[in-house]
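S.K.: run03.txt is the file, holding compact mmCIF, C-alpha atoms:
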```txt
# COMPACT_ATOMS: atom_id res chain seq x y z
CA MET L 1 0.33 -53.92 -38.07
CA VAL L 2 -0.16 -56.43 -35.25
CA GLU L 3 -3.85 -57.02 -34.60
CA ASN L 4 -3.62 -56.14 -30.91
CA ASN L 5 -2.14 -52.75 -31.79
CA LYS L 6 -4.93 -51.78 -34.15
CA ALA L 7 -7.11 -48.87 -33.04
CA THR L 8 -10.79 -49.65 -32.45
CA ILE L 9 -13.44 -47.70 -34.36
CA LEU L 10 -17.07 -47.72 -33.23
CA VAL L 11 -19.42 -47.36 -36.21
CA VAL L 12 -22.90 -46.16 -35.24
CA ASP L 13 -25.67 -46.26 -37.89
CA ASP L 14 -29.19 -47.68 -38.00
CA ILE L 15 -28.95 -48.68 -41.69
CA PRO L 16 -27.09 -51.96 -42.31
CA VAL L 17 -25.85 -51.01 -45.78
CA ASN L 18 -24.12 -47.90 -44.37
CA ILE L 19 -22.42 -50.05 -41.73
CA ASP L 20 -21.29 -52.49 -44.41
CA ILE L 21 -19.75 -49.67 -46.48
CA LEU L 22 -17.76 -48.33 -43.55
CA ARG L 23 -16.78 -51.82 -42.40
CA GLU L 24 -15.34 -52.53 -45.87
CA ILE L 25 -13.33 -49.31 -45.79
CA LEU L 26 -11.96 -49.90 -42.28
CA LYS L 27 -11.55 -53.65 -41.92
CA HIS L 28 -7.95 -53.93 -43.12
CA LYS L 29 -6.59 -51.20 -40.84
CA TYR L 30 -8.79 -51.06 -37.73
CA LYS L 31 -10.73 -53.21 -35.31
CA ILE L 32 -14.43 -52.44 -35.66
CA LYS L 33 -17.32 -52.35 -33.22
CA ILE L 34 -20.91 -51.84 -34.38
CA ALA L 35 -23.96 -50.15 -32.83
CA THR L 36 -27.28 -49.75 -34.63
CA ASN L 37 -28.76 -47.25 -32.18
CA GLY L 38 -27.78 -44.53 -29.72
CA PRO L 39 -28.22 -46.41 -26.41
CA LYS L 40 -26.08 -49.31 -27.68
CA ALA L 41 -23.40 -46.86 -28.82
CA ILE L 42 -23.27 -45.27 -25.36
CA GLN L 43 -23.08 -48.71 -23.73
CA ILE L 44 -20.11 -49.74 -25.91
CA ALA L 45 -18.34 -46.40 -25.47
CA SER L 46 -18.72 -46.66 -21.67
CA SER L 47 -17.41 -50.22 -21.46
CA GLU L 48 -14.08 -51.28 -19.95
CA THR L 49 -12.59 -51.37 -23.47
CA PRO L 50 -13.87 -48.16 -25.08
CA PRO L 51 -13.27 -47.37 -28.76
CA ASP L 52 -10.48 -45.05 -29.85
CA LEU L 53 -12.79 -43.12 -32.20
CA ILE L 54 -16.49 -43.05 -33.07
CA LEU L 55 -18.08 -42.66 -36.51
CA LEU L 56 -21.58 -41.47 -35.69
CA ASP L 57 -24.65 -41.15 -37.89
CA ILE L 58 -27.06 -38.33 -37.08
CA MET L 59 -30.48 -39.41 -38.33
CA MET L 60 -31.39 -42.39 -36.18
CA PRO L 61 -34.67 -43.36 -34.48
CA GLU L 62 -35.09 -43.29 -30.69
CA MET L 63 -31.96 -41.15 -30.12
CA ASP L 64 -30.31 -39.12 -32.86
CA GLY L 65 -26.56 -38.63 -33.24
CA TYR L 66 -26.59 -35.16 -31.70
CA GLN L 67 -28.13 -36.55 -28.50
CA VAL L 68 -25.62 -39.41 -28.42
CA CYS L 69 -22.70 -37.04 -28.88
CA LYS L 70 -23.97 -34.70 -26.17
CA LEU L 71 -24.36 -37.54 -23.65
CA LEU L 72 -20.93 -38.96 -24.42
CA LYS L 73 -19.29 -35.56 -23.98
CA GLU L 74 -21.05 -35.01 -20.65
CA ASP L 75 -19.67 -38.29 -19.22
CA TYR L 76 -16.11 -38.03 -17.91
CA LYS L 77 -15.33 -41.61 -18.97
CA THR L 78 -16.24 -41.00 -22.63
CA SER L 79 -15.79 -37.25 -23.04
CA LYS L 80 -12.34 -37.47 -24.64
CA ILE L 81 -13.19 -40.04 -27.35
CA PRO L 82 -13.06 -38.27 -30.75
CA ILE L 83 -16.41 -38.32 -32.56
CA ILE L 84 -16.74 -37.83 -36.33
CA PHE L 85 -20.26 -37.33 -37.65
CA VAL L 86 -20.98 -39.27 -40.85
CA SER L 87 -24.27 -38.00 -42.26
CA SER L 88 -26.24 -36.93 -45.31
CA LYS L 89 -27.21 -33.82 -43.29
CA ASN L 90 -24.48 -31.69 -44.76
CA ASP L 91 -25.83 -28.15 -44.50
CA THR L 92 -23.50 -25.64 -42.88
CA ASP L 93 -25.84 -25.29 -39.90
CA ASP L 94 -25.74 -29.09 -39.36
CA GLU L 95 -21.93 -29.06 -39.33
CA ILE L 96 -21.79 -26.07 -36.98
CA LEU L 97 -24.15 -27.81 -34.54
CA GLY L 98 -22.04 -30.96 -34.69
CA PHE L 99 -18.85 -29.07 -33.83
CA LYS L 100 -20.65 -27.09 -31.15
CA ILE L 101 -21.65 -30.18 -29.18
CA GLY L 102 -18.20 -31.72 -29.34
CA ALA L 103 -17.54 -33.54 -32.64
CA VAL L 104 -14.04 -33.23 -34.07
CA ASP L 105 -15.03 -33.61 -37.72
CA TYR L 106 -17.91 -34.04 -40.16
CA ILE L 107 -17.97 -36.38 -43.21
CA ALA L 108 -20.80 -36.14 -45.73
CA LYS L 109 -22.55 -39.18 -47.19
CA PRO L 110 -22.00 -40.81 -49.59
CA VAL L 111 -18.55 -41.27 -48.13
CA SER L 112 -15.24 -41.33 -49.96
CA PRO L 113 -12.96 -44.13 -48.65
CA ALA L 114 -9.86 -41.94 -48.98
CA ILE L 115 -11.47 -39.11 -47.00
CA VAL L 116 -12.74 -41.47 -44.29
CA LEU L 117 -9.31 -43.06 -43.81
CA SER L 118 -7.52 -39.71 -43.91
CA ARG L 119 -9.80 -38.06 -41.35
CA ILE L 120 -9.63 -41.06 -39.02
CA ASN L 121 -5.84 -41.18 -39.24
CA THR L 122 -5.58 -37.46 -38.50
CA HIS L 123 -7.84 -37.53 -35.45
CA LEU L 124 -6.40 -40.75 -34.04
CA SER L 125 -2.93 -39.18 -34.26
CA LEU L 126 -4.15 -36.09 -32.42
CA TYR L 127 -5.95 -38.23 -29.84
CA ASN L 128 -2.88 -40.37 -29.21
CA GLU L 129 -0.69 -37.28 -28.81
CA LYS L 130 -3.17 -35.84 -26.34
CA ARG L 131 -3.27 -39.08 -24.36
CA LEU L 132 0.53 -39.15 -24.24
CA LEU L 133 0.57 -35.54 -23.05
CA ASP L 134 -2.08 -36.34 -20.42
CA ASP L 135 0.05 -39.26 -19.20
CA LEU L 136 3.13 -37.04 -18.97
CA VAL L 137 1.17 -34.38 -17.07
CA ALA L 138 -0.25 -37.03 -14.71
CA GLU L 139 3.24 -38.40 -14.06
CA ARG L 140 4.64 -34.94 -13.42
CA THR L 141 1.72 -34.14 -11.13
CA ARG L 142 2.38 -37.37 -9.21
CA GLU L 143 6.03 -36.41 -8.81
CA LEU L 144 5.07 -32.94 -7.60
CA ASP L 145 2.56 -34.42 -5.14
CA GLU L 146 5.24 -36.73 -3.75
CA THR L 147 7.65 -33.82 -3.39
CA ARG L 148 4.97 -31.75 -1.69
CA MET L 149 4.23 -34.55 0.75
CA GLN L 150 7.91 -34.87 1.61
CA ILE L 151 7.99 -31.15 2.36
CA ILE L 152 4.90 -31.49 4.55
CA LEU L 153 6.35 -34.40 6.49
CA CYS L 154 9.65 -32.56 6.91
CA LEU L 155 7.80 -29.55 8.31
CA GLY L 156 5.88 -31.81 10.68
CA HIS L 157 9.07 -33.52 11.85
CA ALA L 158 10.78 -30.16 12.30
CA ALA L 159 8.28 -29.34 15.04
CA GLU L 160 8.84 -32.73 16.65
CA TYR L 161 12.55 -32.10 17.01
CA LYS L 162 11.59 -29.17 19.21
CA ASP L 163 9.16 -31.26 21.21
CA ASN L 164 8.96 -34.65 22.89
CA GLU L 165 6.70 -36.22 20.28
CA THR L 166 7.57 -38.87 17.70
CA GLY L 167 7.19 -39.03 13.95
CA LEU L 168 4.42 -41.55 14.40
CA HIS L 169 2.33 -38.97 16.21
CA VAL L 170 1.71 -36.96 13.04
CA ILE L 171 0.94 -40.13 11.07
CA ARG L 172 -1.58 -41.38 13.63
CA MET L 173 -3.16 -37.97 14.00
CA SER L 174 -3.54 -37.56 10.24
CA GLN L 175 -5.19 -40.97 9.93
CA TYR L 176 -7.46 -40.37 12.94
CA SER L 177 -8.48 -37.04 11.44
CA LYS L 178 -9.24 -38.57 8.05
CA ALA L 179 -11.35 -41.34 9.59
CA LEU L 180 -13.42 -38.88 11.63
CA ALA L 181 -13.78 -36.50 8.68
CA LEU L 182 -15.15 -39.28 6.47
CA ALA L 183 -17.54 -40.40 9.23
CA ASN L 184 -18.78 -36.81 9.41
CA GLY L 185 -19.58 -36.82 5.69
CA MET L 186 -16.56 -34.95 4.36
CA PRO L 187 -15.98 -35.78 0.66
CA LYS L 188 -13.23 -38.34 0.12
CA GLY L 189 -10.92 -35.96 -1.77
CA GLU L 190 -11.22 -33.29 0.90
CA ALA L 191 -10.65 -35.82 3.69
CA GLU L 192 -7.54 -37.08 1.89
CA MET L 193 -6.18 -33.55 1.65
CA PHE L 194 -7.05 -33.03 5.32
CA SER L 195 -4.89 -36.04 6.24
CA HIS L 196 -2.05 -34.55 4.20
CA ALA L 197 -2.33 -31.14 5.86
CA SER L 198 -2.66 -32.23 9.48
CA PRO L 199 1.01 -33.23 10.04
CA MET L 200 1.80 -29.50 10.10
CA HIS L 201 -0.54 -28.75 13.01
CA ASP L 202 2.27 -28.01 15.49
CA ILE L 203 4.80 -26.40 13.15
CA GLY L 204 4.51 -23.22 15.25
CA LYS L 205 6.37 -24.92 18.10
CA ILE L 206 9.54 -24.13 16.17
CA GLY L 207 9.11 -20.59 17.47
CA ILE L 208 8.76 -21.57 21.15
CA PRO L 209 11.92 -21.43 23.32
CA ASP L 210 13.30 -24.81 24.43
CA SER L 211 13.23 -23.66 28.04
CA ILE L 212 9.43 -23.64 27.80
CA LEU L 213 8.79 -26.40 25.28
CA LEU L 214 11.00 -28.94 27.02
CA LYS L 215 10.30 -27.93 30.62
CA PRO L 216 9.73 -31.14 32.63
CA GLY L 217 7.30 -29.55 35.08
CA LYS L 218 4.17 -27.43 34.78
CA LEU L 219 4.37 -24.10 32.99
CA ASN L 220 3.79 -20.91 34.93
CA THR L 221 1.41 -18.19 33.75
CA GLN L 222 4.03 -16.29 31.76
CA GLU L 223 5.29 -19.48 30.11
CA TRP L 224 1.76 -20.47 29.14
CA GLU L 225 1.30 -17.10 27.48
CA VAL L 226 4.31 -17.86 25.30
CA MET L 227 3.20 -21.45 24.60
CA ARG L 228 -0.23 -20.26 23.45
CA LYS L 229 1.43 -18.32 20.65
CA HIS L 230 2.45 -21.44 18.72
CA PRO L 231 -0.80 -21.73 16.71
CA GLN L 232 -0.38 -18.18 15.39
CA ILE L 233 3.32 -18.78 14.76
CA GLY L 234 2.39 -21.90 12.78
CA ALA L 235 -0.17 -19.97 10.74
CA ASP L 236 2.43 -17.29 10.02
CA ILE L 237 4.97 -19.90 8.90
CA LEU L 238 2.50 -21.55 6.54
CA GLY L 239 1.35 -18.18 5.25
CA ASP L 240 -1.61 -17.20 3.08
CA THR L 241 -0.92 -18.87 -0.26
CA ASN L 242 -2.74 -20.01 -3.39
CA SER L 243 -2.30 -23.63 -2.29
CA THR L 244 -5.50 -25.24 -1.02
CA LEU L 245 -3.43 -27.77 0.92
CA PHE L 246 -1.25 -25.21 2.71
CA ASN L 247 -4.24 -22.97 3.43
CA MET L 248 -5.96 -25.96 5.02
CA ALA L 249 -2.81 -26.67 7.04
CA ARG L 250 -2.77 -23.04 8.14
CA VAL L 251 -6.35 -23.32 9.45
CA ILE L 252 -5.50 -26.55 11.29
CA ALA L 253 -2.40 -25.01 12.90
CA LEU L 254 -4.37 -21.94 13.95
CA THR L 255 -7.50 -23.65 15.33
CA HIS L 256 -6.58 -27.08 16.73
CA HIS L 257 -6.34 -25.64 20.28
CA GLU L 258 -9.67 -23.80 20.14
CA LYS L 259 -12.42 -25.26 22.35
CA TRP L 260 -16.11 -25.74 21.72
CA ASP L 261 -17.07 -23.60 24.73
CA GLY L 262 -14.82 -20.70 23.68
CA SER L 263 -12.13 -21.22 26.31
CA GLY L 264 -9.39 -22.29 23.90
CA TYR L 265 -6.66 -20.31 22.18
CA PRO L 266 -5.41 -18.25 20.40
CA MET L 267 -8.69 -16.60 19.28
CA ARG L 268 -11.18 -18.03 21.82
CA LEU L 269 -13.49 -19.13 19.02
CA LYS L 270 -16.67 -20.91 20.04
CA GLY L 271 -18.80 -23.72 18.59
CA LYS L 272 -19.05 -23.90 14.83
CA ASP L 273 -17.11 -20.67 14.50
CA ILE L 274 -14.18 -23.06 14.84
CA SER L 275 -13.27 -24.62 11.50
CA ILE L 276 -14.34 -28.26 11.08
CA TYR L 277 -10.66 -29.01 10.48
CA GLY L 278 -9.75 -27.55 13.86
CA ARG L 279 -12.58 -29.35 15.67
CA ILE L 280 -11.61 -32.71 14.23
CA SER L 281 -7.89 -32.13 14.78
CA ALA L 282 -8.48 -31.27 18.43
CA ILE L 283 -10.00 -34.68 19.11
CA ALA L 284 -7.38 -36.59 17.14
CA ASP L 285 -4.51 -34.66 18.76
CA VAL L 286 -5.71 -35.07 22.35
CA PHE L 287 -6.55 -38.76 21.90
CA ASP L 288 -3.10 -39.51 20.55
CA ALA L 289 -1.29 -37.36 23.10
CA LEU L 290 -3.02 -39.10 26.00
CA THR L 291 -2.80 -42.69 24.74
CA THR L 292 0.93 -42.66 23.95
CA GLU L 293 3.88 -42.55 26.28
CA ARG L 294 6.11 -39.50 26.42
CA PRO L 295 9.31 -38.83 28.40
CA TYR L 296 7.28 -36.70 30.78
CA LYS L 297 4.21 -39.01 31.16
CA ILE L 298 2.98 -42.57 30.95
CA ALA L 299 0.35 -43.54 28.39
CA TRP L 300 -3.27 -43.41 29.46
CA SER L 301 -5.49 -46.40 28.75
CA VAL L 302 -7.96 -46.07 25.91
CA GLU L 303 -10.82 -46.40 28.41
CA LYS L 304 -9.52 -43.55 30.58
CA THR L 305 -8.97 -41.37 27.50
CA LEU L 306 -12.46 -42.01 26.14
CA ALA L 307 -13.91 -41.13 29.54
CA LEU L 308 -12.14 -37.77 29.35
CA LEU L 309 -13.42 -37.17 25.82
CA HIS L 310 -16.95 -37.88 27.09
CA ARG L 311 -16.52 -35.44 29.97
CA GLU L 312 -15.17 -32.74 27.68
CA SER L 313 -17.91 -33.20 25.06
CA GLY L 314 -19.62 -29.84 24.73
CA ALA L 315 -16.77 -28.10 26.58
CA HIS L 316 -13.47 -28.81 24.86
CA PHE L 317 -14.88 -30.83 21.96
CA ASP L 318 -17.73 -30.68 19.43
CA PRO L 319 -20.32 -33.07 20.98
CA GLN L 320 -21.52 -34.35 17.60
CA LEU L 321 -17.97 -35.23 16.59
CA ILE L 322 -17.37 -37.00 19.92
CA GLU L 323 -20.43 -39.19 19.26
CA LEU L 324 -19.07 -40.06 15.83
CA TRP L 325 -15.63 -40.73 17.29
CA MET L 326 -17.11 -43.33 19.61
CA THR L 327 -18.83 -45.10 16.71
CA ILE L 328 -15.58 -45.43 14.74
CA MET L 329 -13.41 -46.57 17.66
CA PRO L 330 -12.71 -49.99 16.06
CA GLN L 331 -11.16 -48.15 13.10
CA ILE L 332 -9.30 -45.75 15.41
CA LEU L 333 -7.83 -48.64 17.37
CA GLU L 334 -6.71 -50.33 14.14
CA ILE L 335 -4.83 -47.15 13.20
CA LYS L 336 -3.37 -46.90 16.71
CA ASP L 337 -2.12 -50.47 16.49
CA GLN L 338 -0.78 -50.12 12.94
CA TYR L 339 1.32 -47.08 13.82
CA SER L 340 2.21 -47.95 17.39
CA GLU L 341 5.45 -46.69 18.93
CA GLU L 342 6.85 -50.23 18.71
CA VAL L 343 6.84 -50.13 14.90
CA PRO L 344 10.56 -50.05 13.94
CA THR L 345 10.24 -48.13 10.68
CA MET L 346 7.61 -45.61 9.74
CA GLN L 347 5.74 -46.35 6.52
CA ALA L 348 4.36 -43.39 4.59
CA VAL L 349 0.61 -43.54 4.03
CA TYR L 350 0.35 -40.71 1.58
```
Written as structure tokens, that's how I'd like the structure from this file.
M.R.:
Amino acid sequence: MVENNKATILVVDDIPVNIDILREILKHKYKIKIATNGPKAIQIASSETPPDLILLDIMMPEMDGYQVCKLLKEDYKTSKIPIIFVSSKNDTDDEILGFKIGAVDYIAKPVSPAIVLSRINTHLSLYNEKRLLDDLVAERTRELDETRMQIILCLGHAAEYKDNETGLHVIRMSQYSKALALANGMPKGEAEMFSHASPMHDIGKIGIPDSILLKPGKLNTQEWEVMRKHPQIGADILGDTNSTLFNMARVIALTHHEKWDGSGYPMRLKGKDISIYGRISAIADVFDALTTERPYKIAWSVEKTLALLHRESGAHFDPQLIELWMTIMPQILEIKDQYSEEVPTMQAVY
């Protein structure tokens, strides 16, 4: 076997003669790393080139093998490495404890070379099969995520075909929303999902008649009543599913026109009764709508738009979020420039 393809075995024992015995058994078939105590074993296992399997003694000073095994299994980076206890503690209770804390096997001292090699071969084969399966699952998950994002973008664009907005609007809004969410302390994974869900915020406009949606002038009272139904229509389209992403999108669609002072629609929610997703989306949506040109309006300057956001702080918008928005304006302007209407082809950021 080519040296670079050899599996790496970490041998952990505080007695040199025991290490020498195992080294002699393994040296022709495996690459070997050595640790003479628990902390060193954990350091090697947590390195950038972790071992493929660990042979672990139990009775060691400072930190015994059970403690080492428990710590390795609690760490995500090392939890999947197979651990075989090699010990003179061979009572049934010792073996049961070893299996209970995560070991895959138990070899009694003095060791038999044939048994050591057989057990290692068995567990390396199982480990390699599991890693291959994990890779296949990860690849399939990636493919499903890409398909899901295409569906989301298609839904977002479907609403745009009924409106006067561009595909770049949903991209900018999603990136604005993510930036503000992170500034507000939202966990990175949640903020990423938020950016994926926000393109569907106006999907409900599909259900609004063109005579209202595309009207060049101001809407009358009756027309506004119809227009205000699009958040609920969007929520109905997205439905109540088991998907965290689509449930988040449903909340965004339903609440992005609510206002901090309770004067918004469709439910006239007030303050923090409005979902954080809706409060953030409201700022991102209004900022983008005002600062970009549409067939029915010219683009406002950033300065004029920020002045309006200031005025509406505590009325339309969450005042704390408006303060944060002002602090991240350099980042917001970078996003605005990156996905400006002059960009000839839209690049996916998901």
S.K.: Identify, on the basis of all atoms listed in the file, every residue whose closest approach to stretch 228-232 of chain L does not exceed 7 Å; exclude the query and any residue fewer than 5 positions from it along the same chain; express the result as an NGL selection string.
M.R.: :L and (204-205 or 207-208 or 253-254 or 265-266)
S.K.: Counting all atoms listed in the file, I want the residues whose atoms come within 12 Å of (-15.1, -20.1, 22.7) in the file frame, returned as number ranges by chain.
M.R.: L: 255, 257-274, 279, 314-318
S.K.: Point out the residue among L:Thr36, L:Glu341, L:Leu180, L:Glu293 with the least atom-to-atom distance to L:Leu321, counting all atoms listed in the file.
M.R.: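 Among the listed residues, L:Leu180 lies closest to L:Leu321.
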S.K.: Could you jot down the atom CA of L:Asn220 to atom CA of L:Ile233 separation for me, Å, one decimal place?
M.R.: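 Going from atom CA of L:Asn220 over to atom CA of L:Ile233 covers 20.3 Å.
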S.K.: Kindly give the distance, in Å, that separates atom CA of L:Phe246 and atom CA of L:Glu190, rounded to a single decimal.
M.R.: 13.0 Å
S.K.: Can you list, as number ranges by chain, every protein, DNA or RNA residue that comes within 7 Å of L:His256 when you count all atoms listed in the file, leaving out same-chain residues fewer than 5 positions away?
M.R.: L: 278-279, 281-282
S.K.: Write out as a ChimeraX atom specification each polymer residue whose atoms come within 12 Å of L:Thr122, counting only C-alpha atoms; drop sequence neighbours fewer than 6 positions from it.
M.R.: /L:53,82,84,104-105,115-116,128-129
S.K.: In terms of the shortest atom-to-atom distance over all atoms listed in the file, which of L:Arg172, L:Lys178, L:His196, L:Lys188 is closest to L:Glu146?
M.R.: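 Between L:Arg172, L:Lys178, L:His196, L:Lys188, the residue approaching L:Glu146 most closely is L:His196.
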S.K.: Some atoms are absent from stretch 52-75 of chain L, so rebuild N, CA and C atoms and return them as a CSV table (one decimal), in the frame of the given file.
M.R.:
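This is the output file out.csv:
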```
chain,number,residue,atom,x,y,z
L,52,ASP,N,-11.4,-46.2,-29.7
L,52,ASP,CA,-10.5,-45.0,-29.8
L,52,ASP,C,-11.1,-43.9,-30.6
L,53,LEU,N,-12.1,-44.2,-31.4
L,53,LEU,CA,-12.8,-43.1,-32.2
L,53,LEU,C,-14.2,-43.6,-32.6
L,54,ILE,N,-15.1,-42.7,-32.7
L,54,ILE,CA,-16.5,-43.0,-33.1
L,54,ILE,C,-16.9,-42.4,-34.4
L,55,LEU,N,-17.4,-43.2,-35.3
L,55,LEU,CA,-18.1,-42.7,-36.5
L,55,LEU,C,-19.6,-42.7,-36.2
L,56,LEU,N,-20.2,-41.6,-36.2
L,56,LEU,CA,-21.6,-41.5,-35.7
L,56,LEU,C,-22.6,-40.9,-36.7
L,57,ASP,N,-23.6,-41.6,-37.0
L,57,ASP,CA,-24.6,-41.2,-37.9
L,57,ASP,C,-25.5,-40.2,-37.1
L,58,ILE,N,-26.2,-39.3,-37.8
L,58,ILE,CA,-27.1,-38.3,-37.1
L,58,ILE,C,-28.5,-38.8,-37.1
L,59,MET,N,-29.0,-39.1,-38.2
L,59,MET,CA,-30.5,-39.4,-38.3
L,59,MET,C,-30.7,-40.9,-38.0
L,60,MET,N,-31.1,-41.1,-36.7
L,60,MET,CA,-31.4,-42.4,-36.2
L,60,MET,C,-32.7,-42.3,-35.3
L,61,PRO,N,-33.5,-43.4,-35.3
L,61,PRO,CA,-34.7,-43.4,-34.5
L,61,PRO,C,-34.3,-43.5,-33.0
L,62,GLU,N,-35.2,-43.1,-32.1
L,62,GLU,CA,-35.1,-43.3,-30.7
L,62,GLU,C,-34.1,-42.2,-30.1
L,63,MET,N,-32.9,-42.1,-30.6
L,63,MET,CA,-32.0,-41.2,-30.1
L,63,MET,C,-31.1,-40.8,-31.3
L,64,ASP,N,-31.1,-39.5,-31.7
L,64,ASP,CA,-30.3,-39.1,-32.9
L,64,ASP,C,-28.8,-38.9,-32.5
L,65,GLY,N,-28.0,-38.7,-33.5
L,65,GLY,CA,-26.6,-38.6,-33.2
L,65,GLY,C,-26.2,-37.4,-32.4
L,66,TYR,N,-26.9,-36.3,-32.5
L,66,TYR,CA,-26.6,-35.2,-31.7
L,66,TYR,C,-26.8,-35.5,-30.2
L,67,GLN,N,-27.9,-36.2,-29.9
L,67,GLN,CA,-28.1,-36.6,-28.5
L,67,GLN,C,-27.1,-37.5,-28.0
L,68,VAL,N,-26.7,-38.5,-28.8
L,68,VAL,CA,-25.6,-39.4,-28.4
L,68,VAL,C,-24.3,-38.7,-28.1
L,69,CYS,N,-23.9,-37.8,-29.0
L,69,CYS,CA,-22.7,-37.0,-28.9
L,69,CYS,C,-22.7,-36.2,-27.6
L,70,LYS,N,-23.8,-35.5,-27.4
L,70,LYS,CA,-24.0,-34.7,-26.2
L,70,LYS,C,-23.8,-35.5,-24.9
L,71,LEU,N,-24.4,-36.7,-24.8
L,71,LEU,CA,-24.4,-37.5,-23.6
L,71,LEU,C,-22.9,-38.1,-23.4
L,72,LEU,N,-22.3,-38.5,-24.5
L,72,LEU,CA,-20.9,-39.0,-24.4
L,72,LEU,C,-20.0,-37.9,-23.9
L,73,LYS,N,-20.2,-36.7,-24.4
L,73,LYS,CA,-19.3,-35.6,-24.0
L,73,LYS,C,-19.5,-35.1,-22.5
L,74,GLU,N,-20.7,-35.4,-22.0
L,74,GLU,CA,-21.0,-35.0,-20.6
L,74,GLU,C,-20.5,-36.0,-19.6
L,75,ASP,N,-20.2,-37.2,-20.1
L,75,ASP,CA,-19.7,-38.3,-19.2
L,75,ASP,C,-18.2,-38.2,-19.2
```
